[in-house]
>>> print(open('coords.tsv').read())   # TSV, C-alpha atoms
chain	number	residue	atom	x	y	z
R	690	MET	CA	66.29	121.91	-25.27
R	691	LYS	CA	64.81	120.50	-28.49
R	692	LYS	CA	67.71	118.06	-28.78
R	693	ILE	CA	67.08	116.76	-25.27
R	694	LEU	CA	63.38	116.23	-26.03
R	695	ILE	CA	64.16	114.45	-29.30
R	696	VAL	CA	66.74	112.18	-27.65
R	697	SER	CA	64.32	111.46	-24.80
R	698	ALA	CA	61.56	110.59	-27.24
R	699	LEU	CA	63.86	108.28	-29.21
R	700	LEU	CA	65.05	106.54	-26.07
R	701	ALA	CA	61.47	106.08	-24.87
R	702	ALA	CA	60.46	104.62	-28.24
R	703	ALA	CA	63.45	102.27	-28.26
R	704	TRP	CA	62.66	101.16	-24.71
R	705	THR	CA	58.96	100.46	-25.31
R	706	ALA	CA	59.23	98.92	-28.81
R	707	PRO	CA	60.11	95.43	-27.52
R	708	LEU	CA	57.17	95.60	-25.12
R	709	VAL	CA	54.75	96.41	-27.91
R	710	ALA	CA	56.28	93.76	-30.16
R	711	SER	CA	55.87	91.10	-27.47
R	712	ALA	CA	52.27	91.99	-26.62
R	713	ALA	CA	49.98	88.99	-26.78
R	714	ASP	CA	47.64	88.45	-29.70
R	715	LEU	CA	44.28	87.49	-28.15
R	716	ALA	CA	42.75	86.58	-31.52
R	717	ASN	CA	45.60	84.17	-32.20
R	718	GLY	CA	45.23	82.74	-28.69
R	719	ARG	CA	41.54	82.13	-29.35
R	720	SER	CA	42.23	80.43	-32.68
R	721	LEU	CA	44.87	78.21	-31.06
R	722	VAL	CA	42.62	77.01	-28.22
R	723	GLU	CA	39.99	76.24	-30.86
R	724	LYS	CA	42.54	74.51	-33.11
R	725	TYR	CA	43.80	72.30	-30.28
R	726	ASN	CA	40.24	71.74	-29.00
R	727	CYS	CA	41.03	72.69	-25.40
R	728	ALA	CA	37.28	72.87	-24.72
R	729	SER	CA	36.95	69.11	-25.13
R	730	CYS	CA	38.52	68.63	-21.69
R	731	HIS	CA	38.34	72.06	-20.04
R	732	GLY	CA	34.72	72.82	-21.01
R	733	LYS	CA	33.21	75.05	-23.67
R	734	ASP	CA	33.72	78.11	-21.46
R	735	TYR	CA	37.11	76.84	-20.19
R	736	ASN	CA	35.52	77.05	-16.77
R	737	SER	CA	33.64	73.74	-16.56
R	738	PRO	CA	36.06	70.85	-17.12
R	739	ILE	CA	34.66	67.42	-17.97
R	740	ASP	CA	36.54	65.92	-15.01
R	741	PRO	CA	36.99	67.59	-11.61
R	742	GLY	CA	40.71	66.79	-11.78
R	743	TYR	CA	41.16	69.02	-14.83
R	744	PRO	CA	41.86	72.68	-14.15
R	745	LYS	CA	39.62	75.61	-14.91
R	746	LEU	CA	41.49	77.81	-17.37
R	747	ALA	CA	39.25	80.87	-17.80
R	748	GLY	CA	40.56	83.79	-15.77
R	749	GLN	CA	43.66	81.88	-14.67
R	750	HIS	CA	46.82	83.95	-14.23
R	751	ALA	CA	48.66	84.22	-17.55
R	752	ASP	CA	52.06	83.65	-15.91
R	753	TYR	CA	50.86	80.36	-14.44
R	754	LEU	CA	49.41	79.22	-17.77
R	755	LYS	CA	52.66	80.08	-19.57
R	756	HIS	CA	54.68	78.16	-16.98
R	757	ALA	CA	52.40	75.11	-17.15
R	758	LEU	CA	52.32	74.94	-20.96
R	759	THR	CA	56.09	75.39	-21.16
R	760	ALA	CA	56.58	72.61	-18.58
R	761	TYR	CA	54.31	70.26	-20.55
R	762	ARG	CA	56.23	71.12	-23.71
R	763	ARG	CA	59.52	70.21	-21.97
R	764	GLY	CA	58.20	66.88	-20.73
R	765	ASP	CA	59.37	65.03	-17.65
R	766	THR	CA	62.91	64.47	-18.89
R	767	ALA	CA	63.82	68.14	-18.54
R	768	MET	CA	64.21	70.22	-15.41
R	769	ASN	CA	60.88	71.73	-14.29
R	770	GLY	CA	59.03	69.64	-16.86
R	771	ARG	CA	55.62	68.03	-16.48
R	772	ASN	CA	54.41	64.70	-17.77
R	773	ASN	CA	50.87	64.15	-18.94
R	774	ALA	CA	50.21	62.18	-22.11
R	775	ILE	CA	47.47	64.48	-23.39
R	776	MET	CA	48.91	67.84	-22.37
R	777	SER	CA	52.45	67.00	-23.43
R	778	ALA	CA	51.24	66.05	-26.91
R	779	GLN	CA	49.16	69.25	-27.09
R	780	ALA	CA	52.03	71.50	-25.96
R	781	LYS	CA	54.90	70.00	-28.00
R	782	PRO	CA	54.18	71.91	-31.25
R	783	LEU	CA	53.55	75.25	-29.52
R	784	THR	CA	56.05	78.08	-29.94
R	785	ASP	CA	56.81	80.56	-27.16
R	786	ARG	CA	54.60	83.07	-29.00
R	787	ASP	CA	51.73	80.55	-29.18
R	788	ILE	CA	52.01	79.90	-25.45
R	789	ASN	CA	52.02	83.63	-24.71
R	790	ASP	CA	48.93	84.18	-26.87
R	791	ILE	CA	47.02	81.23	-25.41
R	792	ALA	CA	47.82	82.31	-21.85
R	793	ALA	CA	46.73	85.88	-22.51
R	794	TYR	CA	43.48	84.78	-24.17
R	795	LEU	CA	42.52	82.38	-21.38
R	796	HIS	CA	43.44	84.98	-18.76
R	797	SER	CA	41.13	87.50	-20.46
R	798	LEU	CA	38.08	85.25	-20.10
R	799	PRO	CA	35.71	85.55	-17.14
R	800	GLY	CA	36.34	82.73	-14.72
R	801	SER	CA	35.04	81.38	-11.45
R	802	LEU	CA	38.40	81.01	-9.77
R	803	VAL	CA	38.43	82.34	-6.23
R	804	LEU	CA	41.29	84.80	-5.98
R	805	ARG	CA	40.47	86.28	-2.58
R	806	LYS	CA	38.09	85.49	0.25
>>> encode(input="coords.tsv", output="structure tokens")
Amino acid sequence: MKKILIVSALLAAAWTAPLVASAADLANGRSLVEKYNCASCHGKDYNSPIDPGYPKLAGQHADYLKHALTAYRRGDTAMNGRNNAIMSAQAKPLTDRDINDIAAYLHSLPGSLVLRK
């Protein structure tokens, strides 16, 4: 019985270790949005962009933010890429980890997006 419990515990630890290792670092996400000065276009609270055509980022779904940043990093020459002179230049140097951290940080902020009516 003890052997079964030990094996089960080891399997559970092995299964969850990658999940813990890939957890987003909110502090790093915050430092990255400050480093790249995202507030200059998206507003100091990331919820009041300077132009109505710019998206509100605070509270946005992390999966969407990851997809958008990855698409800007790819550019318009790649499949599922996006082209925007400012955003492409901002996203080019980002690693997958950076994108994950930025998305998680922005998702964690209170936003005014309407999710349900």
>>> closest_residue(input="coords.tsv", among="R:Arg719, R:His750, R:Lys781, R:Lys745", to="Arg762 in chain R", atoms="all atoms listed in the file")
R:Lys781
>>> closest_residue(input="coords.tsv", among="R:Gln779, R:Gly800, R:Asp785, R:Asp752", to="Lys724 in chain R", atoms="only C-alpha atoms")
R:Gln779
>>> closest_residue(input="coords.tsv", among="R:Ile791, R:Asn736, R:Arg771, R:Asp765", to="Gly748 in chain R", atoms="all atoms listed in the file")
R:Asn736
>>> atom_distance(input="coords.tsv", atom1="CA of Ile775 in chain R", atom2="CA of Ala712 in chain R")
28.1 Å
>>> closest_residue(input="coords.tsv", among="R:Arg786, R:Ala792, R:Tyr743, R:Met768", to="His731 in chain R", atoms="all atoms listed in the file")
R:Tyr743
>>> atom_distance(input="coords.tsv", atom1="CA of Gly764 in chain R", atom2="CA of Asp714 in chain R")
25.6 Å
>>> residues_near_point(input="coords.tsv", point="(52.4, 78.8, -15.2)", cutoff="12 Å", atoms="only C-alpha atoms", output="PyMOL selection string")
chain R and resi 746+749-761+769-771+788-789+791-793+796
>>> residues_around(input="coords.tsv", residues="Cys730 in chain R", least_positions_apart="6", cutoff="9 Å", atoms="all atoms listed in the file", output="PDB file with C-alpha atoms, in the frame of the given file")
ATOM      1  CA  SER R 737      33.640  73.740 -16.560  1.00  0.00           C
ATOM      2  CA  PRO R 738      36.060  70.850 -17.120  1.00  0.00           C
ATOM      3  CA  ILE R 739      34.660  67.420 -17.970  1.00  0.00           C
ATOM      4  CA  ASP R 740      36.540  65.920 -15.010  1.00  0.00           C
ATOM      5  CA  TYR R 743      41.160  69.020 -14.830  1.00  0.00           C
TER       6      TYR R 743
END
>>> atom_distance(input="coords.tsv", atom1="CA of Thr784 in chain R", atom2="CA of Pro799 in chain R")
25.2 Å
>>> closest_residue(input="coords.tsv", among="R:Ala713, R:Cys727, R:Gly742, R:Tyr735", to="Met776 in chain R", atoms="only C-alpha atoms")
R:Cys727
>>> closest_residue(input="coords.tsv", among="R:Leu783, R:Leu802, R:Leu795, R:Ala728", to="Leu715 in chain R", atoms="only C-alpha atoms")
R:Leu795
